[in-house]
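Reading through the structure tokens given below for one structure.
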Amino acid sequence: TTTYPFFGAHQAGIVTPAQDRLHFASFDVSPETTRDELVDLLTKWSYAASRMTQGLDVSASGAVGGSPFAPPDDTGEALGLPPSGLTITFGFGPSLFTDDSGTDRFGIAAQKPPLLEPLPRFSGDAIEAARSGGDLCVQACADDPQVAVHAIRNLTRLGFGRIVLRWSQLGFGRTSSTSTTQQTPRNLFGFKDGTANIKAEEAGVADEQVWVQAADGPAWMAGGSYLAARRIRMLIESWDRVSLGEQQNIFGRNKGEGAPLSGGTEFTEPNFTAPGAEGGDEPVIDMKAHVRLAHPDNNAGSRMLRRGYNYVEGNDDLGRLDAGLFFLAYVRDPDQFIAVQHALATDLLNEYIRHVGTGIWAIPPGAAEGGYVGQTLF
Ligand code: HEM
């Protein structure tokens, strides 16, 4: 079983090879919570995360080592399970810095990164407030769903009385690879997803596209990142009636191997000027294909580290699966996501998807051994 260190220059769970399962949670800090209590919570969270990621109980007395007269510190469902590659990643939303009425609740408003603003509205958005935003976020990824759920459950419990769970999301299959050692997985449309993603092995790319650099400011964010999250419903019953040829045309890649329609194999760069069928003056990769519009050539060289998960949560009252992609992207500047999402306004894919949830968080740098995530801010 794999174990990733919790402490380090960057938080784990970003360039870490994407694990199979996700439990993501967004919290609001209760109005009564003070700055000291918030700092205390972050300290406890980091300590608990440093233990759970190593396969340990949330505290030394844990699930069964404490007093028989008190509820156990740890809820116990991960007893005997290996660490399963668990990573826990913390983030701060715009509303942590200034609340709806503009109040600086924790004395940190002046340190709010100018780039940290709620994502704008995009065409086709059908955003539900109850699935969006939040003062704090926690991303738990692991190869065992019980381990990821255990982590979120115990962190939620540590915040009892100080924070409330706003919304949460389970993901059952990664839709991205973030390392060249991983096979490219598939999304619920059946296509390979993550082929052109940023990979941990690409020298210099993470510093250029993912990690906030000291010169970017504010100083406390150096070594951090920004996380854009979108819950994207996929209308899979409609999709399943689309011909194979049209499905491939929509993405600009073939379904079997994930190769660009301009030729080659999975990792061949698409050729956007390659002509289509003889006599036609249209290029073989449609002008509105997802891969053309999202490609760095169409976006001033911008890339993002995608780390999303498939989800299926029962069905709606029309008998359609409530299924989709919980899209997560880590970027050095939120505009890397915003610009691409604007570019996707004419995406052929839009007929088959609906963005229903949104969120943005500043992801602080990692903590030093014994410290806590967010220490550079407080
Ligand atoms: C590429 C699927 C939403 C950004 C791809 C690929 C697939 C795909 C199959 C090609 C393989 C790959 O390189 O990963 C989907 C689906 C979506 C979705 C099913 C919604 C349900 C988004 C969104 C964004 C985005 C919202 C960002 C705003 C990208 C980027 C690439 C890509 C940057 C790589 C382009 C390249 O460099 O070639 N996506 N995607 N995708 N997608 Fe999406």
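Naming works like this for the structure tokens: A, B, ... for the chains as they're shown, residue 1 at the start of each chain, ligands 1 onward in shown order.
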
Margin query: For the structure I just gave you, how does DSSP split stretch 84-260 of chain A - specifically, which residues are strand (DSSP E)? Reply as number ranges by chain.
Written below: A: 87-92, 136-142, 163-171, 173-174, 225-234

Using only C-alpha atoms, which protein or nucleic acid residues come within 7 Å of A:Gln336? Drop anything in the same chain fewer than 3 positions from it, and give the result as a PDB file with N, CA and C atoms, in the first residue's frame.
```pdb
ATOM      1  N   SER A 302      -1.839  28.494 -21.818  1.00  0.00           N
ATOM      2  CA  SER A 302      -2.286  28.117 -20.472  1.00  0.00           C
ATOM      3  C   SER A 302      -2.623  26.639 -20.367  1.00  0.00           C
ATOM      4  N   ARG A 303      -2.201  26.031 -19.286  1.00  0.00           N
ATOM      5  CA  ARG A 303      -2.574  24.650 -18.998  1.00  0.00           C
ATOM      6  C   ARG A 303      -3.131  24.591 -17.582  1.00  0.00           C
ATOM      7  N   MET A 304      -3.634  23.429 -17.181  1.00  0.00           N
ATOM      8  CA  MET A 304      -4.104  23.268 -15.797  1.00  0.00           C
ATOM      9  C   MET A 304      -3.876  21.822 -15.399  1.00  0.00           C
ATOM     10  N   VAL A 331      -4.375  25.383 -10.485  1.00  0.00           N
ATOM     11  CA  VAL A 331      -3.703  26.357 -11.344  1.00  0.00           C
ATOM     12  C   VAL A 331      -2.937  27.382 -10.509  1.00  0.00           C
ATOM     13  N   ASP A 333      -2.870  30.521 -11.358  1.00  0.00           N
ATOM     14  CA  ASP A 333      -3.696  31.733 -11.432  1.00  0.00           C
ATOM     15  C   ASP A 333      -5.092  31.296 -11.888  1.00  0.00           C
ATOM     16  N   ALA A 339     -10.280  31.501 -18.347  1.00  0.00           N
ATOM     17  CA  ALA A 339     -10.123  31.758 -19.777  1.00  0.00           C
ATOM     18  C   ALA A 339     -10.526  30.528 -20.594  1.00  0.00           C
ATOM     19  N   VAL A 340     -10.140  29.334 -20.141  1.00  0.00           N
ATOM     20  CA  VAL A 340     -10.485  28.123 -20.893  1.00  0.00           C
ATOM     21  C   VAL A 340     -11.986  27.885 -20.819  1.00  0.00           C
TER      22      VAL A 340
END
```

Item checked: Given 8 Å and only C-alpha atoms and all ligand atoms, residues near ligand 1 as number ranges by chain -> A: 176, 186-189, 191-197, 230, 232-234, 251-253, 258, 269-270, 290-296, 303-304, 306, 324-327, 329, 337-342, 344, 349, 353-354

Item checked: Residue neighbourhood A:Ala151, 9 Å, only C-alpha atoms, exclusion window fewer than 2 positions, as a PyMOL selection string -> chain A and resi 23+48-49+52-53+58+78+86+88+140+146-149+153-156

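Between atom CA of A:Ala63 and atom CA of A:Leu42 the separation is 21.4 Å.
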
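Shell of A:Val29 at 9 Å, with only C-alpha atoms counted and residues fewer than 3 places along the chain excluded, is Glu32, Thr33, Leu38, Leu96, Gly134, Asp135, Leu136, Arg162, Ile163, Val164 and Leu165 of chain A.
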
Generate the output file for the selected residues, C-alpha atoms, as a PDB file, in the first residue's frame.
```
ATOM      1  CA  GLU A  32     -19.400  32.645  16.541  1.00  0.00           C
ATOM      2  CA  THR A  33     -15.985  31.183  15.737  1.00  0.00           C
ATOM      3  CA  LEU A  38     -10.037  28.909  13.615  1.00  0.00           C
ATOM      4  CA  LEU A  96     -13.138  33.152   4.609  1.00  0.00           C
ATOM      5  CA  GLY A 134     -17.627  27.531   1.032  1.00  0.00           C
ATOM      6  CA  ASP A 135     -15.166  29.112   3.485  1.00  0.00           C
ATOM      7  CA  LEU A 136     -12.955  26.010   3.694  1.00  0.00           C
ATOM      8  CA  ARG A 162     -16.937  25.813  14.814  1.00  0.00           C
ATOM      9  CA  ILE A 163     -17.729  24.838  11.260  1.00  0.00           C
ATOM     10  CA  VAL A 164     -20.696  23.360   9.419  1.00  0.00           C
ATOM     11  CA  LEU A 165     -20.581  21.056   6.457  1.00  0.00           C
TER      12      LEU A 165
END
```

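Residues surrounding A:Thr3 within 10 Å are Thr53, Gln54, Gly55, Pro82, Pro83, Ser84, Gly85, Leu86, Thr87 and Ala142 of chain A [only C-alpha atoms; sequence separation below 5 positions excluded].
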
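Reported to one decimal place, the separation of atom CA of A:Asn249 from atom CA of A:Ser262 is 11.0 Å.
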
Item checked: Exercise: A:Asn315 partners within 12 Å, only C-alpha atoms, chain neighbours under 3 positions left out, as a PyMOL selection string -> chain A and resi 233+235-237+311-312+318-324

Requested write-out: C-alpha atoms of the selected residues, as an mmCIF file, in the first residue's frame:
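Result written to selection.cif:
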```cif
data_model
loop_
_atom_site.group_PDB
_atom_site.id
_atom_site.type_symbol
_atom_site.label_atom_id
_atom_site.label_comp_id
_atom_site.auth_asym_id
_atom_site.auth_seq_id
_atom_site.Cartn_x
_atom_site.Cartn_y
_atom_site.Cartn_z
ATOM 1 C CA ARG A 233 -23.762 16.850 -14.758
ATOM 2 C CA LEU A 235 -26.578 13.827 -19.751
ATOM 3 C CA ILE A 236 -25.473 10.306 -20.405
ATOM 4 C CA GLU A 237 -28.763 8.936 -21.791
ATOM 5 C CA TYR A 311 -19.807 10.482 -9.830
ATOM 6 C CA VAL A 312 -23.196 8.750 -9.982
ATOM 7 C CA LEU A 318 -37.320 11.104 -15.211
ATOM 8 C CA GLY A 319 -35.337 7.925 -14.665
ATOM 9 C CA ARG A 320 -32.041 9.463 -15.785
ATOM 10 C CA LEU A 321 -28.857 8.788 -13.841
ATOM 11 C CA ASP A 322 -27.679 11.767 -11.825
ATOM 12 C CA ALA A 323 -24.155 11.303 -13.114
ATOM 13 C CA GLY A 324 -21.228 13.406 -14.180
#
```

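Rounded to one decimal, atom CA of A:Ala18 and atom CA of A:Leu158 lie 26.3 Å from each other.
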
Next item on the list: Write out as a list of chain:residue names the residues lying within 7 Å of stretch 219-228 of chain A, counting only C-alpha atoms and excluding same-chain residues fewer than 6 positions away.
Entry: A:Ala9, A:His10, A:Val210, A:Trp211, A:Val212, A:Gln213, A:Leu328, A:Ala329, A:Tyr330, A:Val331, A:Arg332, A:Asp333, A:Pro334, A:Gly359, A:Ile360, A:Trp361, A:Ala362, A:Ile363, A:Pro364, A:Pro365, A:Thr376, A:Leu377

Next item on the list: Report as number ranges by chain: the residues of stretch 50-195 of chain A with a DSSP assignment of alpha helix (DSSP H), based on the backbone of this structure.
Entry: A: 50-52, 94-97, 145-158

Selection to disk with N, CA and C atoms, as a PDB file, in the first residue's frame:
```pdb
ATOM      1  N   SER A  50      -1.916  14.487   9.394  1.00  0.00           N
ATOM      2  CA  SER A  50      -0.571  13.898   9.352  1.00  0.00           C
ATOM      3  C   SER A  50      -0.617  12.466   9.876  1.00  0.00           C
ATOM      4  N   ARG A  51      -1.513  12.170  10.777  1.00  0.00           N
ATOM      5  CA  ARG A  51      -1.647  10.808  11.308  1.00  0.00           C
ATOM      6  C   ARG A  51      -2.431   9.919  10.341  1.00  0.00           C
ATOM      7  N   MET A  52      -3.603  10.390   9.924  1.00  0.00           N
ATOM      8  CA  MET A  52      -4.451   9.540   9.094  1.00  0.00           C
ATOM      9  C   MET A  52      -3.771   9.169   7.777  1.00  0.00           C
ATOM     10  N   PRO A  94     -12.908  32.481  -0.895  1.00  0.00           N
ATOM     11  CA  PRO A  94     -12.948  33.959  -0.792  1.00  0.00           C
ATOM     12  C   PRO A  94     -13.722  34.419   0.441  1.00  0.00           C
ATOM     13  N   SER A  95     -14.793  33.693   0.798  1.00  0.00           N
ATOM     14  CA  SER A  95     -15.655  34.121   1.904  1.00  0.00           C
ATOM     15  C   SER A  95     -14.991  33.944   3.267  1.00  0.00           C
ATOM     16  N   LEU A  96     -13.854  33.243   3.330  1.00  0.00           N
ATOM     17  CA  LEU A  96     -13.138  33.152   4.609  1.00  0.00           C
ATOM     18  C   LEU A  96     -12.498  34.509   4.932  1.00  0.00           C
ATOM     19  N   PHE A  97     -12.120  35.239   3.889  1.00  0.00           N
ATOM     20  CA  PHE A  97     -11.386  36.497   4.071  1.00  0.00           C
ATOM     21  C   PHE A  97     -12.336  37.657   4.368  1.00  0.00           C
ATOM     22  N   PRO A 145     -12.345   3.836  -0.754  1.00  0.00           N
ATOM     23  CA  PRO A 145     -13.334   4.865  -0.421  1.00  0.00           C
ATOM     24  C   PRO A 145     -13.569   5.000   1.078  1.00  0.00           C
ATOM     25  N   GLN A 146     -13.456   3.897   1.812  1.00  0.00           N
ATOM     26  CA  GLN A 146     -13.700   3.952   3.253  1.00  0.00           C
ATOM     27  C   GLN A 146     -12.643   4.823   3.952  1.00  0.00           C
ATOM     28  N   VAL A 147     -11.420   4.779   3.416  1.00  0.00           N
ATOM     29  CA  VAL A 147     -10.333   5.577   3.996  1.00  0.00           C
ATOM     30  C   VAL A 147     -10.573   7.070   3.737  1.00  0.00           C
ATOM     31  N   ALA A 148     -11.043   7.400   2.546  1.00  0.00           N
ATOM     32  CA  ALA A 148     -11.315   8.814   2.224  1.00  0.00           C
ATOM     33  C   ALA A 148     -12.496   9.326   3.052  1.00  0.00           C
ATOM     34  N   VAL A 149     -13.532   8.523   3.180  1.00  0.00           N
ATOM     35  CA  VAL A 149     -14.711   8.924   3.954  1.00  0.00           C
ATOM     36  C   VAL A 149     -14.353   9.066   5.434  1.00  0.00           C
ATOM     37  N   HIS A 150     -13.548   8.142   5.937  1.00  0.00           N
ATOM     38  CA  HIS A 150     -13.107   8.214   7.327  1.00  0.00           C
ATOM     39  C   HIS A 150     -12.382   9.541   7.601  1.00  0.00           C
ATOM     40  N   ALA A 151     -11.565   9.957   6.646  1.00  0.00           N
ATOM     41  CA  ALA A 151     -10.794  11.201   6.840  1.00  0.00           C
ATOM     42  C   ALA A 151     -11.735  12.396   6.924  1.00  0.00           C
ATOM     43  N   ILE A 152     -12.666  12.511   5.994  1.00  0.00           N
ATOM     44  CA  ILE A 152     -13.593  13.654   6.007  1.00  0.00           C
ATOM     45  C   ILE A 152     -14.471  13.612   7.257  1.00  0.00           C
ATOM     46  N   ARG A 153     -14.919  12.444   7.605  1.00  0.00           N
ATOM     47  CA  ARG A 153     -15.795  12.318   8.775  1.00  0.00           C
ATOM     48  C   ARG A 153     -15.091  12.784  10.051  1.00  0.00           C
ATOM     49  N   ASN A 154     -13.838  12.359  10.220  1.00  0.00           N
ATOM     50  CA  ASN A 154     -13.129  12.712  11.447  1.00  0.00           C
ATOM     51  C   ASN A 154     -12.710  14.182  11.468  1.00  0.00           C
ATOM     52  N   LEU A 155     -12.390  14.750  10.293  1.00  0.00           N
ATOM     53  CA  LEU A 155     -12.049  16.175  10.257  1.00  0.00           C
ATOM     54  C   LEU A 155     -13.306  17.014  10.545  1.00  0.00           C
ATOM     55  N   THR A 156     -14.439  16.567  10.024  1.00  0.00           N
ATOM     56  CA  THR A 156     -15.707  17.269  10.287  1.00  0.00           C
ATOM     57  C   THR A 156     -15.988  17.258  11.780  1.00  0.00           C
ATOM     58  N   ARG A 157     -15.758  16.115  12.371  1.00  0.00           N
ATOM     59  CA  ARG A 157     -16.026  15.923  13.794  1.00  0.00           C
ATOM     60  C   ARG A 157     -15.131  16.836  14.644  1.00  0.00           C
ATOM     61  N   LEU A 158     -13.869  17.000  14.220  1.00  0.00           N
ATOM     62  CA  LEU A 158     -12.956  17.870  14.964  1.00  0.00           C
ATOM     63  C   LEU A 158     -13.424  19.324  14.933  1.00  0.00           C
TER      64      LEU A 158
END
```

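Among the candidates A:Gly308, A:Gly245, A:Gly107, A:Gly263, the one nearest to A:Pro185 when counting only C-alpha atoms is A:Gly308.
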
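The shortest atom-to-atom distance to A:Gly366, with only C-alpha atoms taken into account, belongs to A:Thr89 out of A:Thr2, A:Asn310, A:Thr89, A:Thr34.
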